[in-house]
file input.pdb (PDB, C-alpha atoms and all ligand atoms)
ATOM      1  CA  MET H 314    -114.351 203.059 -62.713
ATOM      2  CA  ILE H 315    -116.096 204.080 -59.531
ATOM      3  CA  TYR H 316    -113.957 206.084 -57.132
ATOM      4  CA  PRO H 317    -114.454 206.075 -53.359
ATOM      5  CA  ILE H 318    -115.734 209.454 -52.152
ATOM      6  CA  VAL H 319    -113.923 211.398 -49.461
ATOM      7  CA  GLY H 320    -115.987 212.687 -46.575
ATOM      8  CA  PHE H 321    -116.175 215.750 -44.368
ATOM      9  CA  GLY H 322    -112.953 216.076 -42.390
ATOM     10  CA  HIS H 323    -110.701 214.837 -45.202
ATOM     11  CA  PRO H 324    -107.889 217.352 -45.862
ATOM     12  CA  THR H 325    -108.356 217.316 -49.675
ATOM     13  CA  LEU H 326    -111.853 218.797 -49.256
ATOM     14  CA  ARG H 327    -110.244 221.839 -47.613
ATOM     15  CA  LYS H 328    -107.574 222.526 -50.221
ATOM     16  CA  VAL H 329    -107.893 225.095 -52.990
ATOM     17  CA  ALA H 330    -107.800 222.865 -56.081
ATOM     18  CA  GLN H 331    -105.384 223.576 -58.933
ATOM     19  CA  PRO H 332    -106.415 224.471 -62.495
ATOM     20  CA  ILE H 333    -105.488 221.909 -65.127
ATOM     21  CA  THR H 334    -103.978 222.391 -68.583
ATOM     22  CA  ALA H 335    -105.017 220.893 -71.926
ATOM     23  CA  ASP H 336    -102.332 218.217 -71.643
ATOM     24  CA  TYR H 337    -103.811 216.741 -68.444
ATOM     25  CA  PRO H 338    -103.514 212.973 -68.966
ATOM     26  CA  GLU H 339    -106.644 210.897 -69.651
ATOM     27  CA  LEU H 340    -109.026 213.782 -68.917
ATOM     28  CA  LYS H 341    -111.950 212.268 -70.821
ATOM     29  CA  GLN H 342    -111.565 208.987 -68.970
ATOM     30  CA  LEU H 343    -111.455 210.848 -65.656
ATOM     31  CA  VAL H 344    -114.622 212.791 -66.523
ATOM     32  CA  SER H 345    -116.392 209.603 -67.542
ATOM     33  CA  ASP H 346    -115.321 207.942 -64.258
ATOM     34  CA  MET H 347    -116.549 210.969 -62.306
ATOM     35  CA  PHE H 348    -119.997 210.693 -63.921
ATOM     36  CA  GLU H 349    -120.070 206.971 -63.127
ATOM     37  CA  THR H 350    -119.045 207.646 -59.517
ATOM     38  CA  MET H 351    -121.666 210.393 -59.163
ATOM     39  CA  TYR H 352    -124.556 208.384 -60.623
ATOM     40  CA  ASN H 353    -123.586 205.343 -58.577
ATOM     41  CA  ALA H 354    -123.996 207.480 -55.457
ATOM     42  CA  ASP H 355    -127.260 209.061 -56.740
ATOM     43  CA  GLY H 356    -125.669 212.500 -56.874
ATOM     44  CA  VAL H 357    -126.329 215.375 -59.275
ATOM     45  CA  GLY H 358    -122.887 216.969 -58.994
ATOM     46  CA  LEU H 359    -119.342 215.898 -58.171
ATOM     47  CA  ALA H 360    -116.129 217.900 -57.854
ATOM     48  CA  ALA H 361    -112.704 216.256 -58.292
ATOM     49  CA  PRO H 362    -111.615 216.991 -54.672
ATOM     50  CA  GLN H 363    -114.438 214.644 -53.608
ATOM     51  CA  ILE H 364    -112.498 211.778 -55.190
ATOM     52  CA  ASP H 365    -109.287 213.021 -53.571
ATOM     53  CA  LEU H 366    -107.983 214.817 -56.675
ATOM     54  CA  SER H 367    -107.170 218.442 -55.974
ATOM     55  CA  ILE H 368    -107.896 219.754 -59.497
ATOM     56  CA  ARG H 369    -110.573 222.115 -60.857
ATOM     57  CA  VAL H 370    -112.910 219.638 -62.565
ATOM     58  CA  VAL H 371    -116.670 219.394 -61.944
ATOM     59  CA  VAL H 372    -119.352 217.147 -63.413
ATOM     60  CA  ILE H 373    -123.091 217.802 -63.150
ATOM     61  CA  GLY H 374    -125.843 215.527 -64.423
ATOM     62  CA  PHE H 375    -129.593 215.196 -64.081
ATOM     63  CA  ARG H 376    -131.345 211.905 -64.748
ATOM     64  CA  PRO H 377    -135.101 211.416 -64.817
ATOM     65  CA  TYR H 378    -136.278 209.234 -61.928
ATOM     66  CA  ASP H 379    -139.132 206.773 -62.419
ATOM     67  CA  GLU H 380    -140.958 206.191 -59.160
ATOM     68  CA  LYS H 381    -142.890 203.151 -60.341
ATOM     69  CA  SER H 382    -139.819 201.102 -61.172
ATOM     70  CA  ASP H 383    -137.481 202.966 -58.761
ATOM     71  CA  THR H 384    -134.943 203.388 -61.557
ATOM     72  CA  TYR H 385    -133.220 206.237 -63.336
ATOM     73  CA  GLY H 386    -133.455 206.913 -67.065
ATOM     74  CA  GLU H 387    -130.696 208.138 -69.318
ATOM     75  CA  PRO H 388    -129.230 211.506 -68.286
ATOM     76  CA  ALA H 389    -131.342 214.333 -69.689
ATOM     77  CA  GLU H 390    -128.642 216.912 -69.172
ATOM     78  CA  GLU H 391    -124.918 216.715 -68.436
ATOM     79  CA  HIS H 392    -122.299 219.412 -67.891
ATOM     80  CA  VAL H 393    -118.529 219.259 -67.467
ATOM     81  CA  LEU H 394    -116.864 222.361 -66.053
ATOM     82  CA  ILE H 395    -113.078 222.520 -66.335
ATOM     83  CA  ASN H 396    -111.406 225.412 -64.462
ATOM     84  CA  PRO H 397    -114.783 227.119 -63.867
ATOM     85  CA  GLU H 398    -114.934 230.670 -62.618
ATOM     86  CA  ILE H 399    -117.994 232.573 -61.457
ATOM     87  CA  LEU H 400    -117.865 235.972 -63.174
ATOM     88  CA  GLU H 401    -121.120 237.404 -61.899
ATOM     89  CA  TYR H 402    -124.002 236.694 -59.529
ATOM     90  CA  ARG H 403    -127.508 237.627 -60.713
ATOM     91  CA  GLY H 404    -131.031 237.689 -59.341
ATOM     92  CA  GLU H 405    -132.308 237.324 -55.797
ATOM     93  CA  LYS H 406    -130.761 235.088 -53.180
ATOM     94  CA  GLN H 407    -132.878 232.009 -52.503
ATOM     95  CA  TYR H 408    -132.905 229.146 -50.029
ATOM     96  CA  PHE H 409    -132.667 225.604 -51.355
ATOM     97  CA  ASN H 410    -132.262 222.352 -49.458
ATOM     98  CA  GLU H 411    -128.785 221.015 -50.257
ATOM     99  CA  GLY H 412    -126.979 217.785 -49.555
ATOM    100  CA  CYS H 413    -123.524 216.534 -50.458
ATOM    101  CA  LEU H 414    -122.077 213.090 -51.174
ATOM    102  CA  SER H 415    -119.185 213.993 -48.842
ATOM    103  CA  ILE H 416    -121.606 214.877 -46.015
ATOM    104  CA  PRO H 417    -124.066 211.972 -46.013
ATOM    105  CA  ASP H 418    -127.493 212.280 -44.376
ATOM    106  CA  ILE H 419    -127.286 216.020 -43.719
ATOM    107  CA  HIS H 420    -129.611 218.296 -45.660
ATOM    108  CA  GLU H 421    -129.875 221.993 -44.927
ATOM    109  CA  ASP H 422    -131.322 225.095 -46.555
ATOM    110  CA  VAL H 423    -128.550 227.184 -48.091
ATOM    111  CA  LEU H 424    -128.891 230.756 -49.342
ATOM    112  CA  ARG H 425    -127.363 231.430 -52.771
ATOM    113  CA  PRO H 426    -127.987 233.756 -55.730
ATOM    114  CA  GLU H 427    -130.477 232.305 -58.213
ATOM    115  CA  ARG H 428    -128.297 232.788 -61.316
ATOM    116  CA  VAL H 429    -124.566 232.902 -62.078
ATOM    117  CA  VAL H 430    -122.436 233.700 -65.103
ATOM    118  CA  VAL H 431    -119.740 231.037 -65.360
ATOM    119  CA  ARG H 432    -116.665 230.879 -67.572
ATOM    120  CA  TYR H 433    -115.291 227.377 -67.999
ATOM    121  CA  CYS H 434    -113.589 225.045 -70.470
ATOM    122  CA  ASP H 435    -115.077 221.854 -71.876
ATOM    123  CA  THR H 436    -113.058 218.641 -72.191
ATOM    124  CA  ASP H 437    -111.597 219.875 -75.513
ATOM    125  CA  PHE H 438    -110.458 223.030 -73.693
ATOM    126  CA  VAL H 439    -112.817 225.245 -75.648
ATOM    127  CA  GLU H 440    -113.791 228.193 -73.457
ATOM    128  CA  HIS H 441    -117.478 229.006 -72.784
ATOM    129  CA  THR H 442    -119.202 231.789 -70.863
ATOM    130  CA  GLU H 443    -122.816 231.042 -69.937
ATOM    131  CA  GLU H 444    -125.511 232.137 -67.557
ATOM    132  CA  PHE H 445    -126.764 229.254 -65.419
ATOM    133  CA  SER H 446    -130.164 229.340 -63.732
ATOM    134  CA  GLY H 447    -132.388 226.968 -61.759
ATOM    135  CA  MET H 448    -130.920 223.690 -60.513
ATOM    136  CA  LEU H 449    -127.832 224.084 -62.692
ATOM    137  CA  ALA H 450    -126.960 227.419 -61.044
ATOM    138  CA  ARG H 451    -127.470 225.892 -57.618
ATOM    139  CA  VAL H 452    -125.397 222.769 -58.218
ATOM    140  CA  ALA H 453    -122.644 224.690 -60.049
ATOM    141  CA  GLN H 454    -122.218 227.035 -57.071
ATOM    142  CA  HIS H 455    -122.104 224.107 -54.637
ATOM    143  CA  GLU H 456    -119.497 222.269 -56.753
ATOM    144  CA  ILE H 457    -117.327 225.340 -57.424
ATOM    145  CA  ASP H 458    -117.261 225.866 -53.639
ATOM    146  CA  HIS H 459    -115.647 222.396 -53.405
ATOM    147  CA  LEU H 460    -112.855 223.603 -55.712
ATOM    148  CA  ASP H 461    -112.172 226.426 -53.270
ATOM    149  CA  GLY H 462    -112.028 224.135 -50.241
ATOM    150  CA  LYS H 463    -115.541 224.959 -49.041
ATOM    151  CA  VAL H 464    -118.507 222.749 -48.244
ATOM    152  CA  PHE H 465    -122.150 223.752 -47.927
ATOM    153  CA  THR H 466    -122.224 223.532 -44.151
ATOM    154  CA  ASP H 467    -119.684 226.407 -44.084
ATOM    155  CA  ARG H 468    -122.490 228.594 -45.418
ATOM    156  CA  LEU H 469    -124.894 227.875 -42.545
ATOM    157  CA  SER H 470    -125.399 230.064 -39.499
ATOM    158  CA  ASN H 471    -123.125 229.498 -36.496
ATOM    159  CA  LEU H 472    -126.118 228.187 -34.597
ATOM    160  CA  ARG H 473    -126.996 225.629 -37.294
ATOM    161  CA  ARG H 474    -123.370 224.505 -37.510
ATOM    162  CA  THR H 475    -123.132 224.119 -33.754
ATOM    163  CA  MET H 476    -126.251 221.962 -33.859
ATOM    164  CA  LEU H 477    -124.702 219.776 -36.581
ATOM    165  CA  HIS H 478    -121.305 219.575 -34.889
ATOM    166  CA  ARG H 479    -121.727 216.071 -33.524
ATOM    167  CA  ARG H 480    -123.075 214.603 -36.761
ATOM    168  CA  LEU H 481    -120.247 216.231 -38.727
ATOM    169  CA  ASN H 482    -117.763 214.751 -36.258
ATOM    170  CA  ASP H 483    -119.331 211.337 -36.795
ATOM    171  CA  ILE H 484    -118.813 211.664 -40.552
ATOM    172  CA  ALA H 485    -115.217 212.802 -40.039
ATOM    173  CA  SER H 486    -114.634 209.718 -37.859
ATOM    174  CA  GLY H 487    -116.201 207.372 -40.409
ATOM    175  CA  ARG H 488    -119.277 206.702 -38.261
ATOM    176  CA  VAL H 489    -121.725 206.954 -41.146
ATOM    177  CA  ALA H 490    -123.337 204.358 -43.403
ATOM    178  CA  THR H 491    -123.626 204.995 -47.126
ATOM    179  CA  HIS H 492    -124.749 202.828 -50.052
ATOM    180  CA  TYR H 493    -121.653 204.019 -51.948
ATOM    181  CA  ARG H 494    -118.017 203.512 -50.988
ATOM    182  CA  MET H 495    -116.259 206.221 -49.005
ATOM    183  CA  LYS H 496    -112.527 206.641 -48.548
ATOM    184  CA  PRO H 497    -111.596 206.582 -44.861
ATOM    185  CA  ASN H 498    -110.084 209.781 -43.497
ATOM    186  CA  LYS H 499    -106.514 209.446 -42.347
ATOM    187  CA  ARG H 500    -106.208 208.930 -38.631
ATOM    188  CA  LYS H 501    -104.858 211.839 -36.662
TER
HETATM  189 NI    NI S   1    -120.912 218.521 -52.326
END

call {"tool": "encode", "arguments": {"input": "input.pdb", "output": "structure tokens"}}
result
Amino acid sequence: MIYPIVGFGHPTLRKVAQPITADYPELKQLVSDMFETMYNADGVGLAAPQIDLSIRVVVIGFRPYDEKSDTYGEPAEEHVLINPEILEYRGEKQYFNEGCLSIPDIHEDVLRPERVVVRYCDTDFVEHTEEFSGMLARVAQHEIDHLDGKVFTDRLSNLRRTMLHRRLNDIASGRVATHYRMKPNKRK
């Protein structure tokens, strides 16, 4: 099932999401639906608050893209992070151009550490502690921010954010076109 994605300005994106327990109902179905929702929107990461569920669940997946046929292959790598926690930041901070399914059409360079040590549970609630690097480290940090009520534009300079103010307001007001379905923000 494909969920509609909530956009910038939706209150759920600003909440600190709650950890879940092993008896969370239909977790595997939810995770499978989150992957479907993410791939449908051509994303590489999705956090549960982005589908209006304030719980600490993240999916990350990378699919090879074939330019000739303009199609995606089977996912080469998938990760599910339940109740993830960043234990340690490692390496230099680097800029990388980020986007977000909740903030369509805005892409900005964001500074983040190149590696992170993350403790998380898988869908069987087995605990893992791993060092993430490369794209995985980048996407994991972006998605874990979502669980803490943060979005990537919060990490930009005041000047950059001021310059984006109008476009962010447009998204919050639903004045944005996407090829995937978005959930309208509640009217004030
Ligand atoms: Ni995002």

call {"tool": "residues_near_ligand", "arguments": {"input": "input.pdb", "ligand": "ligand NI 1 (chain S)", "cutoff": "10 Å", "atoms": "all atoms listed in the file", "output": "JSON, numbers by chain"}}
result
{"H": [320, 321, 326, 356, 357, 358, 359, 360, 362, 363, 411, 412, 413, 414, 415, 416, 417, 452, 454, 455, 456, 457, 458, 459, 463, 464, 465, 466]}

call {"tool": "resolve_selection", "arguments": {"input": "input.pdb", "expression": "the PyMOL selection byres (((chain H and resi 315) around 8) and not hetatm)", "output": "list in words"}}
result
Met314, Tyr316, Pro317, Asp346, Met347, Glu349, Thr350 and Asn353 of chain H

call {"tool": "axis_aligned_box", "arguments": {"input": "input.pdb", "around": "stretch 369-376 of chain H", "padding_each_side": "5 Å", "output": "lines of an AutoDock Vina configuration file"}}
result
center_x = -121.0
center_y = 217.0
center_z = -62.8
size_x = 30.8
size_y = 20.2
size_z = 13.9

call {"tool": "atom_distance", "arguments": {"input": "input.pdb", "atom1": "atom CA of H:Leu460", "atom2": "atom CA of H:Arg369"}}
result
5.8 Å

call {"tool": "closest_residue", "arguments": {"input": "input.pdb", "among": "H:Thr325, H:Ser470, H:Gln331, H:Asn396", "to": "H:Thr436", "atoms": "all atoms listed in the file"}}
result
H:Asn396

call {"tool": "build_atoms", "arguments": {"input": "input.pdb", "residues": "stretch 469-483 of chain H", "atoms": "N, CA, C and O atoms", "output": "compact mmCIF listing (two decimals), in the frame of the given file"}}
result
# COMPACT_ATOMS: atom_id res chain seq x y z
N LEU H 469 -123.78 227.83 -43.49
CA LEU H 469 -124.89 227.88 -42.54
C LEU H 469 -124.58 228.85 -41.41
O LEU H 469 -123.44 229.25 -41.22
N SER H 470 -125.60 229.19 -40.65
CA SER H 470 -125.40 230.06 -39.50
C SER H 470 -124.56 229.33 -38.45
O SER H 470 -124.51 228.10 -38.42
N ASN H 471 -123.91 230.11 -37.58
CA ASN H 471 -123.12 229.50 -36.50
C ASN H 471 -123.97 228.57 -35.65
O ASN H 471 -123.53 227.50 -35.24
N LEU H 472 -125.22 228.99 -35.42
CA LEU H 472 -126.12 228.19 -34.60
C LEU H 472 -126.38 226.83 -35.25
O LEU H 472 -126.28 225.78 -34.62
N ARG H 473 -126.70 226.86 -36.55
CA ARG H 473 -127.00 225.63 -37.29
C ARG H 473 -125.77 224.71 -37.27
O ARG H 473 -125.87 223.50 -37.09
N ARG H 474 -124.59 225.31 -37.46
CA ARG H 474 -123.37 224.50 -37.51
C ARG H 474 -123.06 223.89 -36.15
O ARG H 474 -122.61 222.76 -36.06
N THR H 475 -123.34 224.66 -35.10
CA THR H 475 -123.13 224.12 -33.75
C THR H 475 -124.06 222.92 -33.54
O THR H 475 -123.66 221.90 -32.98
N MET H 476 -125.29 223.06 -34.04
CA MET H 476 -126.25 221.96 -33.86
C MET H 476 -125.85 220.71 -34.65
O MET H 476 -126.19 219.60 -34.27
N LEU H 477 -125.11 220.91 -35.75
CA LEU H 477 -124.70 219.78 -36.58
C LEU H 477 -123.34 219.22 -36.18
O LEU H 477 -122.89 218.21 -36.73
N HIS H 478 -122.70 219.87 -35.21
CA HIS H 478 -121.30 219.58 -34.89
C HIS H 478 -121.05 218.08 -34.66
O HIS H 478 -120.14 217.49 -35.22
N ARG H 479 -121.93 217.47 -33.88
CA ARG H 479 -121.73 216.07 -33.52
C ARG H 479 -121.86 215.15 -34.74
O ARG H 479 -121.08 214.21 -34.93
N ARG H 480 -122.87 215.45 -35.57
CA ARG H 480 -123.08 214.60 -36.76
C ARG H 480 -121.92 214.78 -37.75
O ARG H 480 -121.52 213.83 -38.42
N LEU H 481 -121.40 216.00 -37.84
CA LEU H 481 -120.25 216.23 -38.73
C LEU H 481 -119.01 215.49 -38.20
O LEU H 481 -118.24 214.91 -38.97
N ASN H 482 -118.86 215.50 -36.87
CA ASN H 482 -117.76 214.75 -36.26
C ASN H 482 -117.87 213.26 -36.53
O ASN H 482 -116.87 212.58 -36.76
N ASP H 483 -119.11 212.76 -36.50
CA ASP H 483 -119.33 211.34 -36.80
C ASP H 483 -118.88 211.01 -38.22
O ASP H 483 -118.24 209.98 -38.46
